[in-house]
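coords-v6.txt follows (compact mmCIF, C-alpha atoms):
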```
# COMPACT_ATOMS: atom_id res chain seq x y z
CA MET D 23 8.44 28.27 -68.64
CA THR D 24 8.20 27.85 -72.40
CA LEU D 25 10.40 24.76 -72.57
CA SER D 26 7.74 22.25 -71.59
CA THR D 27 5.39 20.79 -74.17
CA PRO D 28 1.63 21.31 -73.89
CA ALA D 29 1.22 17.69 -72.82
CA GLU D 30 3.79 18.06 -70.08
CA ARG D 31 2.16 21.24 -68.95
CA ALA D 32 -1.24 19.59 -68.78
CA GLY D 33 0.19 16.66 -66.83
CA SER D 34 2.02 18.93 -64.44
CA ALA D 35 -0.99 21.15 -63.99
CA THR D 36 -2.99 18.32 -62.43
CA SER D 37 -0.24 17.03 -60.18
CA SER D 38 0.96 20.49 -59.20
CA LEU D 39 -2.53 21.68 -58.35
CA GLY D 40 -2.79 18.83 -55.84
CA ALA D 41 0.59 19.71 -54.37
CA ILE D 42 -0.34 23.41 -54.20
CA LEU D 43 -3.60 22.62 -52.42
CA ALA D 44 -1.85 20.27 -50.00
CA ALA D 45 0.78 22.90 -49.16
CA ALA D 46 -1.86 25.56 -48.64
CA LEU D 47 -3.87 23.24 -46.36
CA LEU D 48 -0.79 22.45 -44.30
CA GLY D 49 -0.08 26.17 -44.06
CA ALA D 50 -3.64 26.83 -42.92
CA ALA D 51 -3.30 24.17 -40.22
CA LEU D 52 -0.09 25.73 -38.90
CA ILE D 53 -1.53 29.24 -38.87
CA PHE D 54 -4.72 28.08 -37.18
CA THR D 55 -2.73 26.27 -34.48
CA ALA D 56 -0.28 29.07 -33.80
CA GLY D 57 -2.52 32.05 -34.37
CA LEU D 58 -6.19 31.33 -33.93
CA ALA D 59 -6.90 28.21 -31.85
CA GLN D 60 -8.41 29.23 -28.53
CA SER D 61 -7.20 26.30 -26.42
CA GLU D 62 -5.87 27.62 -23.13
CA ALA D 63 -2.46 25.95 -23.43
CA LEU D 64 -1.94 27.05 -27.03
CA HIS D 65 -3.05 30.56 -26.25
CA ASP D 66 -0.61 30.89 -23.38
CA ALA D 67 2.30 29.39 -25.27
CA ALA D 68 1.76 31.47 -28.40
CA HIS D 69 0.67 34.59 -26.49
CA ASP D 70 3.58 36.92 -27.25
CA VAL D 71 3.82 35.91 -30.91
CA ARG D 72 0.07 36.38 -31.39
CA HIS D 73 0.28 39.89 -30.04
CA ALA D 74 3.43 40.74 -31.97
CA THR D 75 2.11 39.43 -35.29
CA GLY D 76 -1.28 41.11 -35.03
CA PHE D 77 -3.58 38.15 -34.39
CA PRO D 78 -6.64 38.86 -32.27
CA CYS D 79 -5.57 37.35 -28.96
CA HIS D 80 -7.67 37.54 -25.80
CA MET S 2 6.86 18.74 -56.57
CA PHE S 3 5.14 18.57 -53.20
CA LYS S 4 8.43 17.82 -51.50
CA ARG S 5 10.15 20.73 -53.21
CA LEU S 6 7.28 23.05 -52.41
CA ILE S 7 7.38 22.06 -48.76
CA SER S 8 11.14 22.35 -48.44
CA SER S 9 11.27 25.82 -50.06
CA ALA S 10 8.37 27.00 -47.93
CA LEU S 11 9.77 25.69 -44.67
CA LEU S 12 13.28 27.04 -45.32
CA ALA S 13 11.92 30.48 -46.19
CA GLY S 14 9.57 30.28 -43.20
CA ALA S 15 12.45 29.41 -40.87
CA ALA S 16 14.49 32.40 -42.09
CA ALA S 17 11.55 34.77 -41.70
CA GLY S 18 10.49 33.27 -38.37
CA LEU S 19 13.96 33.65 -36.88
CA ILE S 20 14.26 37.24 -38.04
CA ALA S 21 10.78 38.00 -36.74
CA ALA S 22 11.64 36.45 -33.36
CA LEU S 23 14.93 38.34 -33.11
CA LEU S 24 13.32 41.69 -33.98
CA GLN S 25 10.44 40.91 -31.65
CA PHE S 26 12.80 40.43 -28.71
CA VAL S 27 14.68 43.65 -29.39
CA PHE S 28 11.82 45.98 -30.32
CA VAL S 29 8.41 44.53 -29.48
CA GLN S 30 8.83 42.39 -26.37
CA PRO S 31 10.02 45.27 -24.12
CA VAL S 32 6.89 47.26 -25.01
CA LEU S 33 4.71 44.19 -24.44
CA LEU S 34 6.24 43.44 -21.03
CA HIS S 35 5.98 47.08 -20.07
CA ALA S 36 2.29 47.01 -20.96
CA GLU S 37 1.76 43.88 -18.84
CA LEU S 38 2.82 45.88 -15.79
CA TYR S 39 -0.21 48.07 -16.45
CA GLU S 40 -2.40 45.08 -17.28
CA THR S 41 -1.62 43.47 -13.93
CA GLY S 42 -1.87 46.75 -12.04
CA GLU S 43 1.78 46.97 -11.07
CA LEU S 44 1.86 50.29 -12.86
CA THR S 45 -1.14 52.56 -13.26
CA HIS S 46 -1.90 55.09 -15.88
CA PHE S 47 -3.47 58.48 -15.11
CA VAL S 48 -1.92 58.67 -11.68
CA PRO S 49 -0.66 62.18 -11.00
CA VAL S 50 3.09 61.87 -10.79
CA ASP S 51 4.91 64.31 -8.57
CA HIS S 52 8.11 64.91 -10.43
CA GLY S 53 9.81 66.09 -7.28
CA GLU S 54 9.77 62.53 -5.96
CA ALA S 55 11.11 59.37 -7.46
CA SER S 56 8.37 57.94 -9.65
CA GLY S 57 6.77 54.78 -8.38
CA SER S 58 6.85 55.97 -4.78
CA GLY S 59 3.17 55.32 -4.23
CA HIS S 60 0.17 57.48 -5.04
CA ASP S 61 -2.37 55.56 -3.12
CA HIS S 62 -5.46 57.54 -3.91
CA GLY S 63 -5.04 57.06 -7.67
CA ALA S 64 -3.98 53.49 -7.36
CA ALA S 65 -6.87 52.60 -5.11
CA ALA S 66 -9.35 54.07 -7.55
CA GLN S 67 -8.07 52.13 -10.55
CA THR S 68 -6.51 48.98 -9.25
CA PRO S 69 -7.78 47.86 -5.87
CA GLU S 70 -5.17 45.15 -5.55
CA ALA S 71 -2.38 47.71 -5.82
CA SER S 72 -3.67 50.04 -3.14
CA GLY S 73 -1.19 50.68 -0.44
CA SER S 74 1.61 49.11 -2.39
CA GLU S 75 4.80 50.82 -3.38
CA ALA S 76 4.44 49.88 -7.01
CA ALA S 77 1.71 52.21 -8.19
CA GLY S 78 2.64 54.97 -10.58
CA SER S 79 3.28 55.55 -14.22
CA SER S 80 6.67 55.11 -15.78
CA SER S 81 7.77 55.77 -19.32
CA HIS S 82 10.83 53.61 -18.84
CA ALA S 83 10.61 50.21 -20.43
CA ALA S 84 10.99 47.23 -18.17
CA HIS S 85 14.24 45.33 -18.54
CA PRO S 86 13.27 41.94 -17.31
CA GLY S 87 16.04 39.94 -18.98
CA ILE S 88 15.41 36.67 -20.77
CA ASP S 89 12.75 34.21 -19.69
CA PHE S 90 13.96 31.05 -21.39
CA ALA S 91 10.67 29.13 -21.31
CA ARG S 92 8.54 32.05 -22.46
CA ASP S 93 10.99 33.33 -25.07
CA GLY S 94 11.74 29.82 -26.29
CA LEU S 95 8.04 29.31 -26.96
CA SER S 96 7.98 32.63 -28.80
CA VAL S 97 10.78 31.49 -31.10
CA LEU S 98 8.99 28.19 -31.67
CA PHE S 99 5.65 29.80 -32.51
CA SER S 100 7.28 32.48 -34.62
CA LEU S 101 8.76 29.63 -36.68
CA VAL S 102 5.38 27.89 -36.89
CA VAL S 103 3.52 31.05 -37.95
CA TYR S 104 6.01 31.95 -40.67
CA ALA S 105 6.25 28.33 -41.82
CA GLY S 106 2.48 28.52 -42.31
CA TYR S 107 2.73 31.81 -44.17
CA GLY S 108 5.65 30.41 -46.17
CA LEU S 109 3.55 27.43 -47.26
CA PHE S 110 0.76 29.74 -48.42
CA LEU S 111 3.13 32.09 -50.20
CA THR S 112 5.01 29.29 -51.94
CA ALA S 113 1.75 27.63 -52.92
CA ALA S 114 0.57 30.90 -54.47
CA MET S 115 3.91 31.29 -56.26
CA ALA S 116 3.62 27.74 -57.59
CA LEU S 117 0.12 28.44 -58.82
CA ALA S 118 1.31 31.59 -60.61
CA ALA S 119 4.35 29.76 -62.02
CA SER S 120 2.10 27.02 -63.40
CA ARG S 121 0.34 29.77 -65.35
CA GLY S 122 3.58 31.07 -66.78
CA VAL S 123 4.46 33.78 -64.29
CA GLU S 124 8.18 34.10 -63.66
CA ILE S 125 9.23 33.82 -60.03
CA THR S 126 12.63 35.22 -59.00
CA ALA S 127 14.12 36.49 -55.76
CA ARG S 128 13.26 40.04 -56.82
CA GLN S 129 9.72 39.09 -57.70
CA GLY S 130 9.62 37.27 -54.38
CA LEU S 131 10.28 40.51 -52.55
CA ILE S 132 7.14 42.00 -54.10
CA TRP S 133 5.19 38.86 -53.21
CA GLY S 134 6.43 39.19 -49.63
CA VAL S 135 5.40 42.83 -49.34
CA ALA S 136 1.99 41.96 -50.80
CA GLY S 137 1.69 39.16 -48.25
CA PHE S 138 2.49 41.64 -45.50
CA ALA S 139 -0.22 43.96 -46.81
CA ALA S 140 -2.78 41.14 -46.81
CA VAL S 141 -1.92 39.47 -43.52
CA GLN S 142 -0.76 42.31 -41.29
CA LEU S 143 -1.41 45.75 -42.75
CA ALA S 144 -5.01 45.23 -43.87
CA PRO S 145 -6.17 43.66 -40.58
CA ALA S 146 -4.23 46.32 -38.64
CA PHE S 147 -6.13 49.01 -40.55
CA GLY S 148 -9.24 47.87 -38.67
CA LEU S 149 -7.81 46.13 -35.62
CA SER S 150 -4.46 47.57 -34.64
CA PRO S 151 -1.98 45.05 -33.20
CA GLU S 152 -3.19 44.52 -29.66
CA LEU S 153 -1.14 45.41 -26.67
CA PRO S 154 -1.90 43.22 -23.63
CA GLY S 155 -4.56 44.94 -21.55
CA MET S 156 -6.23 46.76 -24.42
CA SER S 157 -10.01 46.56 -24.36
CA ALA S 158 -11.42 44.68 -27.34
CA ALA S 159 -14.57 43.09 -28.68
CA ASP S 160 -15.33 39.37 -28.51
CA VAL S 161 -12.29 37.40 -29.67
CA VAL S 162 -14.19 35.07 -32.02
CA GLU S 163 -15.87 38.00 -33.78
CA ARG S 164 -12.48 39.64 -34.22
CA GLN S 165 -10.97 36.41 -35.54
CA ILE S 166 -13.75 36.08 -38.10
CA TRP S 167 -13.20 39.67 -39.24
CA TRP S 168 -9.44 39.11 -39.28
CA LEU S 169 -9.72 35.99 -41.41
CA GLY S 170 -12.24 37.55 -43.79
CA THR S 171 -10.03 40.61 -44.21
CA VAL S 172 -6.90 38.56 -44.91
CA VAL S 173 -8.67 36.39 -47.50
CA ALA S 174 -10.44 39.30 -49.22
CA THR S 175 -7.26 41.40 -49.34
CA ALA S 176 -5.13 38.51 -50.61
CA VAL S 177 -7.61 37.69 -53.37
CA GLY S 178 -7.86 41.41 -54.21
CA LEU S 179 -4.09 41.77 -54.48
CA TRP S 180 -3.94 38.64 -56.66
CA LEU S 181 -6.56 40.14 -58.99
CA ILE S 182 -4.63 43.43 -59.19
CA ALA S 183 -1.45 41.53 -60.07
CA PHE S 184 -2.91 39.03 -62.52
CA GLY S 185 -6.29 40.41 -63.58
CA ARG S 186 -6.41 41.32 -67.26
CA ASN S 187 -8.98 44.08 -67.38
CA TRP S 188 -10.87 46.71 -65.44
CA ALA S 189 -13.55 44.31 -64.29
CA PHE S 190 -10.95 42.34 -62.33
CA TRP S 191 -9.34 45.47 -60.95
CA GLY S 192 -12.68 46.92 -59.92
CA LEU S 193 -13.55 43.69 -58.16
CA ALA S 194 -10.11 43.80 -56.49
CA VAL S 195 -10.69 47.28 -55.09
CA ALA S 196 -14.14 46.27 -53.85
CA LEU S 197 -12.70 43.17 -52.13
CA ILE S 198 -9.95 45.15 -50.41
CA LEU S 199 -12.29 47.94 -49.30
CA ALA S 200 -15.23 45.78 -48.22
CA PRO S 201 -13.92 44.52 -44.85
CA GLN S 202 -12.76 48.01 -43.91
CA LEU S 203 -16.12 49.54 -44.86
CA ILE S 204 -17.97 46.83 -42.93
CA GLY S 205 -15.65 47.67 -40.08
CA ALA S 206 -13.86 45.58 -37.48
CA PRO S 207 -15.66 44.65 -34.27
CA HIS S 208 -14.79 47.08 -31.49
CA PRO S 209 -15.89 47.20 -27.84
CA ASP S 210 -18.73 49.52 -26.78
CA GLU S 211 -16.41 51.43 -24.54
CA PHE S 212 -12.68 51.69 -24.06
CA PHE S 213 -11.46 50.89 -20.59
CA GLY S 214 -7.97 49.48 -21.10
CA PRO S 215 -5.41 50.35 -18.43
CA THR S 216 -2.46 50.75 -20.81
CA PRO S 217 -1.23 54.19 -21.90
CA PRO S 218 -1.96 55.11 -25.54
CA GLU S 219 1.71 56.02 -25.96
CA LEU S 220 2.68 52.40 -25.41
CA ALA S 221 -0.11 51.05 -27.60
CA ALA S 222 0.90 53.32 -30.48
CA GLN S 223 4.53 52.34 -30.18
CA PHE S 224 3.57 48.68 -30.06
CA ALA S 225 1.40 48.91 -33.18
CA GLY S 226 4.09 50.70 -35.18
CA ARG S 227 6.78 48.26 -34.14
CA ALA S 228 4.67 45.16 -34.68
CA LEU S 229 3.95 46.32 -38.24
CA GLY S 230 7.61 47.19 -38.86
CA VAL S 231 8.77 43.78 -37.67
CA GLY S 232 6.06 42.18 -39.79
CA LEU S 233 7.24 43.98 -42.91
CA ALA S 234 10.84 42.91 -42.30
CA ALA S 235 9.81 39.30 -41.74
CA TRP S 236 7.52 39.19 -44.78
CA ALA S 237 10.15 40.81 -47.02
CA THR S 238 12.55 38.09 -45.89
CA LEU S 239 9.92 35.42 -46.44
CA GLY S 240 9.16 36.57 -49.99
CA LEU S 241 12.78 37.07 -50.94
CA ALA S 242 13.77 33.64 -49.61
CA ALA S 243 10.75 31.86 -51.09
CA GLY S 244 11.30 33.48 -54.51
CA TRP S 245 14.99 32.71 -54.46
CA LEU S 246 14.51 29.08 -53.40
CA TRP S 247 11.79 28.64 -56.01
CA SER S 248 13.91 30.09 -58.82
CA ARG S 249 16.82 27.77 -58.10
CA GLU S 250 15.16 24.84 -59.86
CA PRO S 251 12.64 26.33 -62.26
CA GLU S 252 12.53 23.32 -64.56
CA THR S 253 11.48 20.83 -61.88
CA ALA S 254 8.70 23.16 -60.87
CA LEU S 255 6.90 22.46 -64.11
CA ALA S 256 8.02 18.87 -64.67
CA PRO S 257 5.43 16.13 -64.20
CA GLN S 258 5.55 14.70 -60.73
CA THR S 259 7.43 11.40 -60.63
CA ALA S 260 7.73 10.65 -56.94
```
How does this structure look as structure tokens?
Amino acid sequence: MTLSTPAERAGSATSSLGAILAAALLGAALIFTAGLAQSEALHDAAHDVRHATGFPCH
Amino acid sequence: MFKRLISSALLAGAAAGLIAALLQFVFVQPVLLHAELYETGELTHFVPVDHGEASGSGHDHGAAAQTPEASGSEAAGSSSHAAHPGIDFARDGLSVLFSLVVYAGYGLFLTAAMALAASRGVEITARQGLIWGVAGFAAVQLAPAFGLSPELPGMSAADVVERQIWWLGTVVATAVGLWLIAFGRNWAFWGLAVALILAPQLIGAPHPDEFFGPTPPELAAQFAGRALGVGLAAWATLGLAAGWLWSREPETALAPQTA
């Protein structure tokens, strides 16, 4: 943590913030698809997992 | 960095998703399938069972009152024995797949949060990861379950979109609250954290005007306890794995992105 120079840290802060946001967005997309989307086919396929992981289902 | 973030998150998510699926099949699925027998009317609750006879031998008056389609059938009755339906490859295969997808999603969020903390000088190790995982469980499963217990099929519930909005709001508020407790520097942050965690519970989850579900409360209680237990195990795995994978290459985590 303390090995990087301030300049490196500033540079990494910008690039890593983008990567962090991108990862979080991808995660949100997966969770929405598997847990929250109300399409009939998705609901039926993910039914048991939604119940077991505590998502509101029906 | 993005590539490393994604690979740590997906590996940790796969481990957690597999464990969640395995535990679900052993502990949760039998309760769920048992409840579906009540949901579809194959079994009925509140039917007087004559213990002198074999249960399930038909109590037509009770069955006719509650489930018209079951009247006259042999199947009516209440049984505390879990169904043993064996493995349904299509259905259970989809459950494994979606368990992997859900925990991959949670893994991405958790790893992203770890990366954000690491970029601010917080040390991430496997041990720290375990705490992160338990905190994630509290935000994503325990806090929503405090207002909306994990739903057994057949339970009566309010409008699904309203519940989803409350669920999402609760998860976000609790996660931000836990983050402020962990990384806030003074009482103002901690006070805000407590307010954020309490607010959705004080507002209250949407519930139906009346309860009319056909499933026995014994099953629903068992389901809720087991769903939370499996969730804790899966989230502990997720945090441990994510923290461990992250700590393997700490220097690249902070290095400027080259790719």
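Using only C-alpha atoms, the nearest neighbour of Asp70 of chain D within the list D:Leu39, D:Ala46, D:Ala51, D:Ala56 is D:Ala56.
Residues in contact with Ala67 of chain D at up to 12 Å, not including ones fewer than 2 positions away on its chain and judged by all atoms listed in the file, are Thr55, Ala56, Gly57, Ala59, Gln60, Ser61, Glu62, Ala63, Leu64, His65, His69, Asp70, Val71, Arg72, His73 and Cys79 of chain D; Ala91, Arg92, Asp93, Gly94, Leu95, Ser96, Val97, Leu98, Phe99 and Ser100 of chain S.
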Would you give me, as a ChimeraX atom specification, the residues of chain S that come within 8 Å of chain D, using all atoms listed in the file?
/S:2-3,6-7,25,29-30,33,92,95-96,99-100,102-103,105-110,113-114,116-117,119-120,122,124,142,145-146,150-154,161,164-165,168,228-229,232,251-252,255-258
Enter the distance from atom CA of Asn187 of chain S to atom CA of Trp133 of chain S, in Å, rounded to one decimal.
20.7 Å
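Distance-wise, atom CA of Ala16 of chain S and atom CA of Arg227 of chain S end up 19.3 Å apart.
Picture a line from atom CA of Gly185 of chain S to atom CA of Gly240 of chain S; it runs 20.9 Å.
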At a cut-off of 10 Å, using only C-alpha atoms, what residues contact Ala243 of chain S? Leave out same-chain residues fewer than 3 positions from it and give the result as an NGL selection string.
:S and (6 or 8-14 or 16-17 or 108-109 or 111-112 or 115 or 125-127 or 129-131 or 133-134 or 237-240 or 246-248)
